[in-house]
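Trainee: Input work-v3.pdb, format and content: PDB, C-alpha atoms.
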```
ATOM      1  CA  GLU Q   1       8.513  -5.127 -13.504
ATOM      2  CA  ILE Q   2       4.857  -6.094 -13.603
ATOM      3  CA  VAL Q   3       2.671  -3.190 -14.649
ATOM      4  CA  LEU Q   4      -0.883  -3.056 -13.325
ATOM      5  CA  THR Q   5      -3.324  -1.010 -15.395
ATOM      6  CA  GLN Q   6      -6.652  -0.081 -13.846
ATOM      7  CA  SER Q   7      -9.741   1.078 -15.683
ATOM      8  CA  PRO Q   8     -11.431   3.397 -15.548
ATOM      9  CA  ASP Q   9      -9.317   6.120 -13.957
ATOM     10  CA  PHE Q  10     -12.443   7.884 -12.727
ATOM     11  CA  GLN Q  11     -16.051   6.923 -12.282
ATOM     12  CA  SER Q  12     -19.023   9.029 -11.167
ATOM     13  CA  VAL Q  13     -21.776   6.798  -9.829
ATOM     14  CA  THR Q  14     -25.184   7.225  -8.206
ATOM     15  CA  PRO Q  15     -25.932   5.491  -4.893
ATOM     16  CA  LYS Q  16     -27.176   1.877  -5.177
ATOM     17  CA  GLU Q  17     -25.530   1.527  -8.565
ATOM     18  CA  LYS Q  18     -23.066  -1.298  -9.241
ATOM     19  CA  VAL Q  19     -19.411  -0.378  -9.744
ATOM     20  CA  THR Q  20     -16.877  -2.493 -11.617
ATOM     21  CA  ILE Q  21     -13.163  -1.709 -11.613
ATOM     22  CA  THR Q  22     -10.726  -3.782 -13.612
ATOM     23  CA  CYS Q  23      -7.017  -4.362 -13.098
ATOM     24  CA  ARG Q  24      -4.913  -5.889 -15.842
ATOM     25  CA  ALA Q  25      -1.410  -7.230 -15.192
ATOM     26  CA  SER Q  26       1.325  -7.101 -17.821
ATOM     27  CA  GLN Q  27       2.088 -10.776 -17.107
ATOM     28  CA  SER Q  28       0.441 -13.584 -15.204
ATOM     29  CA  ILE Q  29       0.423 -13.168 -11.430
ATOM     30  CA  GLY Q  30      -1.799 -16.073 -10.473
ATOM     31  CA  SER Q  31      -4.049 -14.870  -7.674
ATOM     32  CA  SER Q  32      -1.484 -12.646  -5.946
ATOM     33  CA  LEU Q  33      -3.620  -9.563  -6.438
ATOM     34  CA  HIS Q  34      -5.072  -7.455  -3.632
ATOM     35  CA  TRP Q  35      -7.430  -4.466  -3.514
ATOM     36  CA  TYR Q  36      -7.336  -1.395  -1.265
ATOM     37  CA  GLN Q  37      -9.616   1.550  -0.608
ATOM     38  CA  GLN Q  38      -8.184   4.950   0.245
ATOM     39  CA  LYS Q  39     -10.440   7.774   1.357
ATOM     40  CA  PRO Q  40      -9.182  11.378   1.296
ATOM     41  CA  ASP Q  41      -6.551  12.065   3.952
ATOM     42  CA  GLN Q  42      -6.659   8.469   5.179
ATOM     43  CA  SER Q  43      -4.369   5.474   4.913
ATOM     44  CA  PRO Q  44      -5.207   2.700   2.472
ATOM     45  CA  LYS Q  45      -7.417  -0.080   3.798
ATOM     46  CA  LEU Q  46      -7.322  -3.701   2.617
ATOM     47  CA  LEU Q  47     -10.575  -4.762   0.932
ATOM     48  CA  ILE Q  48      -9.823  -8.039  -0.843
ATOM     49  CA  LYS Q  49      -6.809 -10.368  -0.764
ATOM     50  CA  TYR Q  50      -5.748 -13.138  -3.161
ATOM     51  CA  ALA Q  51      -8.038 -11.719  -5.864
ATOM     52  CA  SER Q  52     -11.280 -12.895  -4.282
ATOM     53  CA  GLN Q  53     -10.858 -13.558  -0.569
ATOM     54  CA  SER Q  54     -12.974 -11.365   1.650
ATOM     55  CA  ILE Q  55     -11.589  -9.478   4.628
ATOM     56  CA  SER Q  56     -13.199  -9.487   8.053
ATOM     57  CA  GLY Q  57     -15.050  -6.246   8.709
ATOM     58  CA  VAL Q  58     -15.299  -5.237   5.052
ATOM     59  CA  PRO Q  59     -18.923  -4.919   3.853
ATOM     60  CA  SER Q  60     -20.145  -7.822   1.747
ATOM     61  CA  ARG Q  61     -20.991  -5.506  -1.159
ATOM     62  CA  PHE Q  62     -17.251  -5.561  -2.003
ATOM     63  CA  SER Q  63     -16.118  -8.600  -3.981
ATOM     64  CA  GLY Q  64     -13.219  -9.558  -6.208
ATOM     65  CA  SER Q  65     -12.644 -12.005  -9.020
ATOM     66  CA  GLY Q  66     -10.087 -13.021 -11.598
ATOM     67  CA  SER Q  67      -6.757 -14.759 -11.959
ATOM     68  CA  GLY Q  68      -3.759 -14.666 -14.242
ATOM     69  CA  THR Q  69      -3.793 -11.210 -15.811
ATOM     70  CA  ASP Q  70      -7.358  -9.938 -15.482
ATOM     71  CA  PHE Q  71      -9.007  -8.990 -12.222
ATOM     72  CA  THR Q  72     -12.164  -7.199 -11.160
ATOM     73  CA  LEU Q  73     -13.316  -5.388  -8.051
ATOM     74  CA  THR Q  74     -17.097  -5.102  -7.799
ATOM     75  CA  ILE Q  75     -19.042  -2.870  -5.457
ATOM     76  CA  ASN Q  76     -22.680  -3.914  -5.359
ATOM     77  CA  SER Q  77     -25.192  -1.230  -4.418
ATOM     78  CA  LEU Q  78     -22.776   1.656  -3.919
ATOM     79  CA  GLU Q  79     -23.146   3.705  -0.758
ATOM     80  CA  ALA Q  80     -22.093   7.310  -0.175
ATOM     81  CA  GLU Q  81     -19.313   6.190   2.165
ATOM     82  CA  ASP Q  82     -17.676   4.280  -0.734
ATOM     83  CA  ALA Q  83     -16.404   7.501  -2.307
ATOM     84  CA  ALA Q  84     -12.675   6.812  -2.469
ATOM     85  CA  THR Q  85      -9.754   5.852  -4.660
ATOM     86  CA  TYR Q  86      -9.283   2.135  -5.202
ATOM     87  CA  TYR Q  87      -5.917   0.481  -5.903
ATOM     88  CA  CYS Q  88      -4.899  -3.000  -6.970
ATOM     89  CA  HIS Q  89      -1.539  -4.408  -5.821
ATOM     90  CA  GLN Q  90       0.465  -7.441  -6.916
ATOM     91  CA  SER Q  91       2.748  -9.398  -4.605
ATOM     92  CA  SER Q  92       3.674 -12.095  -7.144
ATOM     93  CA  SER Q  93       7.106 -10.719  -7.945
ATOM     94  CA  LEU Q  94       9.480  -7.940  -7.035
ATOM     95  CA  PRO Q  95       9.209  -5.069  -7.273
ATOM     96  CA  GLN Q  96       5.720  -5.146  -5.833
ATOM     97  CA  THR Q  97       3.567  -2.757  -7.800
ATOM     98  CA  PHE Q  98       0.260  -0.929  -7.572
ATOM     99  CA  GLY Q  99      -2.236   0.128 -10.174
ATOM    100  CA  GLN Q 100      -2.552   3.855 -10.813
ATOM    101  CA  GLY Q 101      -5.833   4.034  -8.894
ATOM    102  CA  THR Q 102      -9.505   4.471  -9.755
ATOM    103  CA  LYS Q 103     -11.328   7.368  -8.178
ATOM    104  CA  VAL Q 104     -15.012   6.728  -7.465
ATOM    105  CA  GLU Q 105     -17.177   9.791  -6.990
ATOM    106  CA  ILE Q 106     -20.749   9.798  -5.773
ATOM    107  CA  LYS Q 107     -23.171  11.757  -7.960
TER     108      LYS Q 107
ATOM    109  CA  GLU I   1      -5.881  -3.929  18.187
ATOM    110  CA  VAL I   2      -3.106  -3.681  15.610
ATOM    111  CA  GLN I   3      -1.483  -0.243  15.584
ATOM    112  CA  LEU I   4       1.314   1.134  13.445
ATOM    113  CA  VAL I   5       2.517   4.640  14.236
ATOM    114  CA  GLU I   6       5.087   6.334  12.017
ATOM    115  CA  SER I   7       7.286   9.223  13.067
ATOM    116  CA  GLY I   8      10.374  11.077  11.937
ATOM    117  CA  GLY I   9       9.104  12.887   8.881
ATOM    118  CA  GLY I  10       9.817  16.525   8.186
ATOM    119  CA  LEU I  11      11.445  19.047   5.889
ATOM    120  CA  VAL I  12      14.947  18.245   4.666
ATOM    121  CA  LYS I  13      17.199  19.760   2.025
ATOM    122  CA  PRO I  14      18.201  17.845  -1.108
ATOM    123  CA  GLY I  15      21.124  15.585  -0.304
ATOM    124  CA  GLY I  16      20.116  15.394   3.345
ATOM    125  CA  SER I  17      19.147  12.449   5.515
ATOM    126  CA  LEU I  18      16.181  11.420   7.604
ATOM    127  CA  ARG I  19      15.293   8.375   9.674
ATOM    128  CA  LEU I  20      11.707   7.214   9.854
ATOM    129  CA  SER I  21      10.385   4.990  12.614
ATOM    130  CA  CYS I  22       7.274   2.842  12.879
ATOM    131  CA  ALA I  23       6.140   1.684  16.316
ATOM    132  CA  ALA I  24       4.051  -1.482  16.217
ATOM    133  CA  SER I  25       1.647  -2.803  18.829
ATOM    134  CA  GLY I  26      -1.257  -5.203  19.173
ATOM    135  CA  PHE I  27       0.414  -8.159  17.441
ATOM    136  CA  THR I  28       3.558 -10.305  17.591
ATOM    137  CA  PHE I  29       5.809  -7.973  15.610
ATOM    138  CA  SER I  30       8.640 -10.501  15.305
ATOM    139  CA  SER I  31       6.381 -12.889  13.339
ATOM    140  CA  TYR I  32       5.611 -10.578  10.430
ATOM    141  CA  SER I  33       7.425  -9.128   7.463
ATOM    142  CA  MET I  34       7.045  -5.369   7.218
ATOM    143  CA  ASN I  35       7.058  -2.803   4.451
ATOM    144  CA  TRP I  36       7.425   0.861   3.628
ATOM    145  CA  VAL I  37       5.094   2.288   0.990
ATOM    146  CA  ARG I  38       5.071   5.924  -0.104
ATOM    147  CA  GLN I  39       2.644   8.265  -1.806
ATOM    148  CA  ALA I  40       3.758  11.491  -3.461
ATOM    149  CA  PRO I  41       1.317  14.407  -3.111
ATOM    150  CA  GLY I  42      -1.729  13.753  -5.286
ATOM    151  CA  LYS I  43      -0.209  10.562  -6.695
ATOM    152  CA  GLY I  44      -0.627   6.810  -6.309
ATOM    153  CA  LEU I  45       1.024   4.267  -4.057
ATOM    154  CA  GLU I  46       4.618   3.104  -4.522
ATOM    155  CA  TRP I  47       6.204   0.189  -2.706
ATOM    156  CA  VAL I  48       9.598   1.221  -1.281
ATOM    157  CA  SER I  49      11.081  -1.634   0.746
ATOM    158  CA  SER I  50      10.348  -4.883   2.587
ATOM    159  CA  ILE I  51      12.045  -6.730   5.417
ATOM    160  CA  SER I  52      11.353 -10.263   6.602
ATOM    161  CA  SER I  53      10.512 -11.116  10.196
ATOM    162  CA  SER I  54      14.106 -11.914  11.159
ATOM    163  CA  SER I  55      15.707  -9.393   8.802
ATOM    164  CA  ASN I  56      17.072 -12.244   6.669
ATOM    165  CA  TYR I  57      15.462 -10.950   3.500
ATOM    166  CA  ILE I  58      15.491  -7.295   2.500
ATOM    167  CA  TYR I  59      14.284  -5.792  -0.744
ATOM    168  CA  TYR I  60      14.185  -2.301  -2.237
ATOM    169  CA  ALA I  61      12.591  -0.513  -5.143
ATOM    170  CA  ASP I  62      15.168   0.516  -7.734
ATOM    171  CA  SER I  63      14.275   4.166  -7.097
ATOM    172  CA  VAL I  64      15.716   4.013  -3.558
ATOM    173  CA  LYS I  65      18.315   1.226  -3.767
ATOM    174  CA  GLY I  66      21.672   2.372  -2.451
ATOM    175  CA  ARG I  67      20.177   5.393  -0.694
ATOM    176  CA  PHE I  68      17.598   3.929   1.716
ATOM    177  CA  THR I  69      18.120   1.257   4.358
ATOM    178  CA  ILE I  70      15.307  -0.652   6.023
ATOM    179  CA  SER I  71      15.836  -2.246   9.418
ATOM    180  CA  ARG I  72      13.892  -3.479  12.412
ATOM    181  CA  ASP I  73      14.335  -4.074  16.120
ATOM    182  CA  ASN I  74      12.055  -6.891  17.206
ATOM    183  CA  ALA I  75      12.858  -6.278  20.873
ATOM    184  CA  LYS I  76      11.490  -2.756  20.500
ATOM    185  CA  ASN I  77       8.647  -3.662  18.107
ATOM    186  CA  SER I  78       9.959  -1.069  15.715
ATOM    187  CA  LEU I  79      10.606  -0.684  12.004
ATOM    188  CA  TYR I  80      12.957   1.906  10.543
ATOM    189  CA  LEU I  81      13.824   3.540   7.249
ATOM    190  CA  GLN I  82      17.121   5.384   6.989
ATOM    191  CA  MET I  83      16.930   7.734   4.027
ATOM    192  CA  ASN I  84      20.139   9.281   2.679
ATOM    193  CA  SER I  85      20.919  11.427  -0.364
ATOM    194  CA  LEU I  86      17.336  12.604  -0.453
ATOM    195  CA  ARG I  87      15.933  14.059  -3.652
ATOM    196  CA  ALA I  88      12.918  16.213  -4.415
ATOM    197  CA  GLU I  89      11.197  13.175  -5.922
ATOM    198  CA  ASP I  90      11.365  11.428  -2.529
ATOM    199  CA  THR I  91       8.790  13.908  -1.226
ATOM    200  CA  ALA I  92       5.852  11.799  -0.105
ATOM    201  CA  VAL I  93       3.827  10.438   2.752
ATOM    202  CA  TYR I  94       5.608   7.320   3.960
ATOM    203  CA  TYR I  95       3.485   4.499   5.349
ATOM    204  CA  CYS I  96       4.598   1.420   7.185
ATOM    205  CA  ALA I  97       2.466  -1.601   6.418
ATOM    206  CA  ARG I  98       2.312  -5.113   7.823
ATOM    207  CA  ASN I  99       2.585  -8.068   5.453
ATOM    208  CA  GLY I 100      -0.429 -10.321   5.581
ATOM    209  CA  ARG I 101      -0.117 -14.068   5.021
ATOM    210  CA  ALA I 102      -1.310 -13.664   1.423
ATOM    211  CA  GLY I 103       1.359 -11.101   0.589
ATOM    212  CA  ASP I 104      -1.166  -8.341   1.063
ATOM    213  CA  PHE I 105      -0.613  -5.282   3.231
ATOM    214  CA  ASP I 106      -3.214  -5.921   5.890
ATOM    215  CA  TYR I 107      -2.550  -3.021   8.275
ATOM    216  CA  TRP I 108      -1.200   0.456   7.567
ATOM    217  CA  GLY I 109      -0.008   3.300   9.731
ATOM    218  CA  GLN I 110      -1.290   6.841   9.398
ATOM    219  CA  GLY I 111       1.800   7.924   7.490
ATOM    220  CA  THR I 112       4.505  10.535   8.000
ATOM    221  CA  LEU I 113       5.221  13.308   5.515
ATOM    222  CA  VAL I 114       8.716  13.763   4.136
ATOM    223  CA  THR I 115       9.354  16.956   2.193
ATOM    224  CA  VAL I 116      12.632  17.388   0.330
ATOM    225  CA  SER I 117      13.098  21.001  -0.648
ATOM    226  CA  SER I 118      15.691  23.738  -0.481
TER     227      SER I 118
END
```
Rewrite the coordinates I just gave you, this time as structure tokens.

Mentor:
Amino acid sequence: EIVLTQSPDFQSVTPKEKVTITCRASQSIGSSLHWYQQKPDQSPKLLIKYASQSISGVPSRFSGSGSGTDFTLTINSLEAEDAATYYCHQSSSLPQTFGQGTKVEIK
Amino acid sequence: EVQLVESGGGLVKPGGSLRLSCAASGFTFSSYSMNWVRQAPGKGLEWVSSISSSSNYIYYADSVKGRFTISRDNAKNSLYLQMNSLRAEDTAVYYCARNGRAGDFDYWGQGTLVTVSS
């Protein structure tokens, strides 16, 4: 099973600040890494697919990078509405797995 | 507009059974693989099961293999999860999610809560 480890687990950030969340895979997964945002009491929402491909309707301040085992989700100029938990997900091999989540709080 | 609406959750005793349904609309259901993903209270996301568009390929997490059965009815635009021999650790919100072309989960339902407790 491929283990995805996110860091940090929690981040408290002021508006307009830049946020960087990393996701490390226990073995190479190519670019089969996707990012989701989950706000309290809501379903997860797809933010980035294939490590760096943008999703229609998602604000351009969200971007992704990486390949192999190391991936990054970047939120440029954080807004209050970005308070959420962020998860990475690999679809390279079964079982599909998720990172443990990174909670982003707005100061 | 793509919509996924889960139903069938509820309170069940350990060892009991429950059948979840997911009604899909707004897209050609028969062209997409589908998934169940769950989230225990206050915890992260866990993939449970996947089924290909024609039901030819079916996969399960080890934690549910032999107890859960995924199925679909393309004529009814519906996805199902039959859950047997339920355990306390199966307590979670269960989401159905559509498989995007990149292997991502591009649309999610609102979830249905399953509580296993005596």

Trainee: Go through chain Q and flag each residue having an atom no more than 10 Å from chain I; for those, report the closest pair of atoms plus their distance in Å to one decimal, using only C-alpha atoms, ordered by chain and rising number, as a tab-separated table.

Mentor:
```
residue	atom	partner	partner_atom	distance
Q:Ser31	CA	I:Ala102	CA	9.6
Q:Ser32	CA	I:Gly103	CA	7.3
Q:Leu33	CA	I:Asp104	CA	8.0
Q:His34	CA	I:Asp104	CA	6.2
Q:Trp35	CA	I:Asp104	CA	8.7
Q:Tyr36	CA	I:Phe105	CA	9.0
Q:Asp41	CA	I:Gln110	CA	9.2
Q:Gln42	CA	I:Gln110	CA	7.0
Q:Ser43	CA	I:Gln110	CA	5.6
Q:Pro44	CA	I:Trp108	CA	6.9
Q:Lys45	CA	I:Tyr107	CA	7.2
Q:Leu46	CA	I:Asp106	CA	5.7
Q:Leu47	CA	I:Asp106	CA	9.0
Q:Ile48	CA	I:Asp104	CA	8.9
Q:Lys49	CA	I:Asp104	CA	6.3
Q:Tyr50	CA	I:Ala102	CA	6.4
Q:Gln53	CA	I:Ala102	CA	9.8
Q:Ile55	CA	I:Asp106	CA	9.2
Q:Thr85	CA	I:Gly44	CA	9.3
Q:Tyr86	CA	I:Gly44	CA	9.9
Q:Tyr87	CA	I:Leu45	CA	8.1
Q:Cys88	CA	I:Leu45	CA	9.8
Q:His89	CA	I:Asp104	CA	7.9
Q:Gln90	CA	I:Asp104	CA	8.2
Q:Ser91	CA	I:Gly103	CA	5.6
Q:Ser92	CA	I:Gly103	CA	8.1
Q:Leu94	CA	I:Tyr59	CA	8.2
Q:Pro95	CA	I:Ala61	CA	6.1
Q:Gln96	CA	I:Trp47	CA	6.2
Q:Thr97	CA	I:Trp47	CA	6.4
Q:Phe98	CA	I:Leu45	CA	6.3
Q:Gly99	CA	I:Gly44	CA	7.9
Q:Gln100	CA	I:Gly44	CA	5.7
Q:Gly101	CA	I:Gly44	CA	6.4
Q:Thr102	CA	I:Gly44	CA	9.8
```

Trainee: Padding 5 Å on each side, edges along x, y and z: where is the centre of the box around the listed atoms of region 83-86 of chain Q, and how long are its edges in Å to one decimal? Output it as lines of an AutoDock Vina configuration file.

Mentor:
```
center_x = -12.8
center_y = 4.8
center_z = -3.8
size_x = 17.1
size_y = 15.4
size_z = 12.9
```

Trainee: Using all atoms listed in the file, which of the listed residues (Q:Gln11, Q:Gln27, Q:Thr5, Q:Thr74) sits closest to Pro59 (chain Q)?

Mentor: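 Result for the nearest residue to Pro59 (chain Q): Q:Thr74.
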
Trainee: Do you know which residues are at most 9 Å from Leu86 (chain I) counting all atoms listed in the file, after dropping those on the same chain fewer than 4 positions away, and could you put them as a VMD selection string?

Mentor: chain I and resid 12 to 18 67 to 68 90 to 91 116

Trainee: Within 7 Å of (6.2, 10.7, -1.9), all atoms listed in the file: residues as a VMD selection string?

Mentor: chain I and resid 38 to 41 89 to 94

Trainee: Could you list, as a ChimeraX atom specification, every residue matched by the PyMOL selection byres ((chain Q and resi 12) around 12) in this structure?

Mentor: /Q:8-11,13-15,17-20,78,80,82-85,102-107

Trainee: Would you please work out which residue, of I:Val2, I:Ala23, I:Leu11, I:Met83, is nearest to Ser63 (chain I) when using only C-alpha atoms?

Mentor: I:Met83

Trainee: Give as a PyMOL selection string each residue that has an atom at most 12 Å from (3.3, -6.5, 11.8) in the file, counting all atoms listed in the file.

Mentor: chain I and resi 1-5+22-36+50-53+72+74+77-79+96-101+104-109

Trainee: Between CA of Gly42 (chain I) and CA of Ala25 (chain Q), what is the distance, to one decimal in Å?

Mentor: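 Separation of CA of Gly42 (chain I) and CA of Ala25 (chain Q): 23.2 Å.
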
Trainee: As an exercise, work out the distance from CA of Ser93 (chain Q) to CA of Ala88 (chain I) in Å and give it to one decimal place.

Mentor: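 So the two atoms, CA of Ser93 (chain Q) and CA of Ala88 (chain I), lie 27.8 Å apart.
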
Trainee: So the first atom is CA of Val37 (chain I) and the second is CA of Thr69 (chain Q); what is the distance between them in Å, to one decimal place?

Mentor: 23.3 Å

Trainee: Nearest residue to Gln82 (chain I) out of I:Ser21, I:Ser117, I:Thr112, I:Ser55, using all atoms listed in the file?

Mentor: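 Ranked by minimum distance to Gln82 (chain I), first place goes to I:Ser21.
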
Trainee: Excluding Arg61 (chain Q) and residues on its chain fewer than 2 positions from it, collect all residues at most 7 Å away from it, counting only C-alpha atoms, and give them as an MDAnalysis selection string.

Mentor: chainID Q and resid 59 63 75:77
